[in-house]
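Peer 1: Okay, handing you the structure first.
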Amino acid sequence: MKIAIAGKGGSGKTTIAGTLARLLVRQGTPDVLAIDADSNPNLALTLGLSREEAANIRPLTRDILKRVTDEEGNTKAVLAKTPQEVADEYGVPAADGVTLILMGRVEHAGAG
Amino acid sequence: MCGAHAAVRSLVAEMVGGNDRPTILDIEAGLEHLSRGTARGVDTLLVIVEPYFKSMETAARMAELGRELGIGKVFAVANKVASADDEKELRAFCGTKGLEILGIVPQDELVRSAERQGVGPLDIATTSPAIDRIGELARALTP
């Protein structure tokens with residue numbers, strides 16, 4: 001089950017995304033991961049975190065990505081860790097046992 | 001958008017597709033963010049649509065883009081539906097676009113209240129018209 005939720009700003013997509021994640025768990029789907037790919041992240045609040053807790057979530061740092069060069073000489077970014085390692089390291093426990101990961105922004109400190 | 005942000009976004013697909021866990025992905029508002037990068041690894045796209053023309057037009061374009069990107073299942077989910085007329089208009093529009101409506105979530109004072117307080121609807125209630133419909137949506141999406 002890999003569900004993306006899209007919509008205009010203000011459409012309520014984040015409220016539906018977070019509530020859907022929590023209700024899936026309540027209905028018996030285990031280990032639900034909620035990924036917030038929005039650069040203005042609000043999913044945390046719908047997932048029961050306080051404003052303070054949400055503000056203190058550690059953003060991803062650049063060491064999760066590495067640049068690789070393909071045979072045609074193009075460089076692209078790929079994950080430097082397994083998705084499970086990223087989830088373990090950056091995942092935040094949220095309400096109903098949902099794990100939240102913020103992927104909409106990356107920490108600038110030390111970025112080069 | 002800076003390069004680092006773009007690079008991290010490009011990793012979303014790897015994150016989604018590279019693990020076995022059921023995943024809900026909240027993608028950034030706006031059509032331009034629905035890209036090959038975020039769509040890979042996703043099997044279902046839910047496009048949230050409100051009962052007014054501009055929202056319906058945008059949703060139809062997002063749905064079309066989702067299909068072009070190869071997402072297998074693309075559905076509309078109507079939100080903030082306040083009347084039978086709203087529902088009728090949404091059904092008529094989605095009908096002409098060949099877009100299946102998987103859920104209809106009503107306008108709900110509880111959701112507005114939760115949004116005012118900056119909490120989740122489920123943090124202040126276990127049931128409400130909107131929560132119940134999202135619960136039905138969850139069941140419809142569960143294999």
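Convention: chains lettered A, B, ... in structure tokens order; per-chain residue numbering from 1; ligands numbered from 1 as shown.
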Kindly provide, as a PyMOL selection string, the residues of chain A having any atom no farther than 8 Å from an atom of chain B, counting only C-alpha atoms.
Peer 2: chain A and resi 1-9+11-21+23-24+27+29-39+43+45-51+62+65+77-79+82-84+103-106
Peer 1: Per DSSP on the backbone, filter stretch 12-102 of chain A down to the residues in alpha helix (DSSP H) and report them as a PDB file with N, CA and C atoms, in the first residue's frame.
Peer 2:
ATOM      1  N   LYS A  13      -5.970  18.331   2.059  1.00  0.00           N
ATOM      2  CA  LYS A  13      -5.249  17.091   1.753  1.00  0.00           C
ATOM      3  C   LYS A  13      -4.453  16.578   2.945  1.00  0.00           C
ATOM      4  N   THR A  14      -3.856  17.511   3.709  1.00  0.00           N
ATOM      5  CA  THR A  14      -3.035  17.065   4.831  1.00  0.00           C
ATOM      6  C   THR A  14      -3.890  16.478   5.953  1.00  0.00           C
ATOM      7  N   THR A  15      -5.043  17.074   6.204  1.00  0.00           N
ATOM      8  CA  THR A  15      -5.960  16.531   7.218  1.00  0.00           C
ATOM      9  C   THR A  15      -6.425  15.134   6.809  1.00  0.00           C
ATOM     10  N   ILE A  16      -6.740  14.976   5.537  1.00  0.00           N
ATOM     11  CA  ILE A  16      -7.170  13.651   5.079  1.00  0.00           C
ATOM     12  C   ILE A  16      -6.007  12.659   5.135  1.00  0.00           C
ATOM     13  N   ALA A  17      -4.805  13.094   4.725  1.00  0.00           N
ATOM     14  CA  ALA A  17      -3.648  12.190   4.747  1.00  0.00           C
ATOM     15  C   ALA A  17      -3.370  11.676   6.164  1.00  0.00           C
ATOM     16  N   GLY A  18      -3.320  12.596   7.125  1.00  0.00           N
ATOM     17  CA  GLY A  18      -2.998  12.209   8.500  1.00  0.00           C
ATOM     18  C   GLY A  18      -4.083  11.360   9.134  1.00  0.00           C
ATOM     19  N   THR A  19      -5.322  11.744   8.903  1.00  0.00           N
ATOM     20  CA  THR A  19      -6.441  11.001   9.491  1.00  0.00           C
ATOM     21  C   THR A  19      -6.538   9.615   8.869  1.00  0.00           C
ATOM     22  N   LEU A  20      -6.293   9.544   7.570  1.00  0.00           N
ATOM     23  CA  LEU A  20      -6.299   8.251   6.879  1.00  0.00           C
ATOM     24  C   LEU A  20      -5.219   7.329   7.450  1.00  0.00           C
ATOM     25  N   ALA A  21      -4.016   7.872   7.658  1.00  0.00           N
ATOM     26  CA  ALA A  21      -2.912   7.068   8.209  1.00  0.00           C
ATOM     27  C   ALA A  21      -3.297   6.504   9.578  1.00  0.00           C
ATOM     28  N   ARG A  22      -3.878   7.352  10.423  1.00  0.00           N
ATOM     29  CA  ARG A  22      -4.242   6.911  11.780  1.00  0.00           C
ATOM     30  C   ARG A  22      -5.365   5.884  11.761  1.00  0.00           C
ATOM     31  N   LEU A  23      -6.345   6.104  10.890  1.00  0.00           N
ATOM     32  CA  LEU A  23      -7.476   5.168  10.843  1.00  0.00           C
ATOM     33  C   LEU A  23      -7.059   3.827  10.238  1.00  0.00           C
ATOM     34  N   LEU A  24      -6.104   3.840   9.324  1.00  0.00           N
ATOM     35  CA  LEU A  24      -5.585   2.564   8.793  1.00  0.00           C
ATOM     36  C   LEU A  24      -5.025   1.734   9.945  1.00  0.00           C
ATOM     37  N   VAL A  25      -4.252   2.386  10.833  1.00  0.00           N
ATOM     38  CA  VAL A  25      -3.686   1.665  11.976  1.00  0.00           C
ATOM     39  C   VAL A  25      -4.805   1.172  12.888  1.00  0.00           C
ATOM     40  N   ARG A  26      -5.774   2.029  13.184  1.00  0.00           N
ATOM     41  CA  ARG A  26      -6.876   1.630  14.077  1.00  0.00           C
ATOM     42  C   ARG A  26      -7.663   0.463  13.501  1.00  0.00           C
ATOM     43  N   LEU A  43       1.722  17.986   8.434  1.00  0.00           N
ATOM     44  CA  LEU A  43       1.178  16.654   8.705  1.00  0.00           C
ATOM     45  C   LEU A  43       1.360  16.266  10.171  1.00  0.00           C
ATOM     46  N   ALA A  44       2.436  16.749  10.790  1.00  0.00           N
ATOM     47  CA  ALA A  44       2.729  16.399  12.179  1.00  0.00           C
ATOM     48  C   ALA A  44       1.559  16.726  13.103  1.00  0.00           C
ATOM     49  N   LEU A  45       0.921  17.884  12.886  1.00  0.00           N
ATOM     50  CA  LEU A  45      -0.162  18.301  13.782  1.00  0.00           C
ATOM     51  C   LEU A  45      -1.372  17.370  13.645  1.00  0.00           C
ATOM     52  N   THR A  46      -1.681  16.980  12.411  1.00  0.00           N
ATOM     53  CA  THR A  46      -2.791  16.047  12.187  1.00  0.00           C
ATOM     54  C   THR A  46      -2.474  14.680  12.788  1.00  0.00           C
ATOM     55  N   ARG A  51       2.587  21.581  18.612  1.00  0.00           N
ATOM     56  CA  ARG A  51       3.314  22.520  17.766  1.00  0.00           C
ATOM     57  C   ARG A  51       4.798  22.516  18.097  1.00  0.00           C
ATOM     58  N   GLU A  52       5.086  22.430  19.408  1.00  0.00           N
ATOM     59  CA  GLU A  52       6.483  22.397  19.838  1.00  0.00           C
ATOM     60  C   GLU A  52       7.200  21.154  19.319  1.00  0.00           C
ATOM     61  N   GLU A  53       6.544  20.002  19.518  1.00  0.00           N
ATOM     62  CA  GLU A  53       7.148  18.748  19.035  1.00  0.00           C
ATOM     63  C   GLU A  53       7.366  18.807  17.523  1.00  0.00           C
ATOM     64  N   ALA A  54       6.369  19.369  16.830  1.00  0.00           N
ATOM     65  CA  ALA A  54       6.475  19.449  15.367  1.00  0.00           C
ATOM     66  C   ALA A  54       7.649  20.338  14.957  1.00  0.00           C
ATOM     67  N   ALA A  55       7.818  21.463  15.674  1.00  0.00           N
ATOM     68  CA  ALA A  55       8.889  22.399  15.333  1.00  0.00           C
ATOM     69  C   ALA A  55      10.261  21.805  15.622  1.00  0.00           C
ATOM     70  N   PRO A  83      16.126   2.735   3.063  1.00  0.00           N
ATOM     71  CA  PRO A  83      14.927   3.422   3.559  1.00  0.00           C
ATOM     72  C   PRO A  83      14.628   3.073   5.023  1.00  0.00           C
ATOM     73  N   GLN A  84      14.918   1.825   5.406  1.00  0.00           N
ATOM     74  CA  GLN A  84      14.666   1.441   6.799  1.00  0.00           C
ATOM     75  C   GLN A  84      15.590   2.197   7.753  1.00  0.00           C
ATOM     76  N   GLU A  85      16.845   2.379   7.350  1.00  0.00           N
ATOM     77  CA  GLU A  85      17.779   3.150   8.188  1.00  0.00           C
ATOM     78  C   GLU A  85      17.312   4.602   8.318  1.00  0.00           C
ATOM     79  N   VAL A  86      16.830   5.170   7.204  1.00  0.00           N
ATOM     80  CA  VAL A  86      16.332   6.549   7.258  1.00  0.00           C
ATOM     81  C   VAL A  86      15.116   6.621   8.187  1.00  0.00           C
ATOM     82  N   ALA A  87      14.235   5.631   8.073  1.00  0.00           N
ATOM     83  CA  ALA A  87      13.040   5.607   8.933  1.00  0.00           C
ATOM     84  C   ALA A  87      13.438   5.474  10.406  1.00  0.00           C
ATOM     85  N   ASP A  88      14.433   4.634  10.674  1.00  0.00           N
ATOM     86  CA  ASP A  88      14.874   4.442  12.068  1.00  0.00           C
ATOM     87  C   ASP A  88      15.507   5.712  12.618  1.00  0.00           C
ATOM     88  N   GLU A  89      16.265   6.395  11.764  1.00  0.00           N
ATOM     89  CA  GLU A  89      17.038   7.542  12.220  1.00  0.00           C
ATOM     90  C   GLU A  89      16.185   8.816  12.316  1.00  0.00           C
ATOM     91  N   TYR A  90      15.305   8.999  11.341  1.00  0.00           N
ATOM     92  CA  TYR A  90      14.561  10.267  11.260  1.00  0.00           C
ATOM     93  C   TYR A  90      13.073  10.117  11.548  1.00  0.00           C
TER      94      TYR A  90
END
Peer 1: Could you pull out all residues of stretch 5-99 of chain A with a DSSP call of strand (DSSP E) and give them as number ranges by chain?
Peer 2: A: 5-6, 33-36, 65-69, 75-79, 92-93, 99
Peer 1: Quick one: pull the distance between atom CA of B:Tyr52 and atom CA of B:Asp86, Å, one decimal.
Peer 2: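 It comes out at 8.1 Å.
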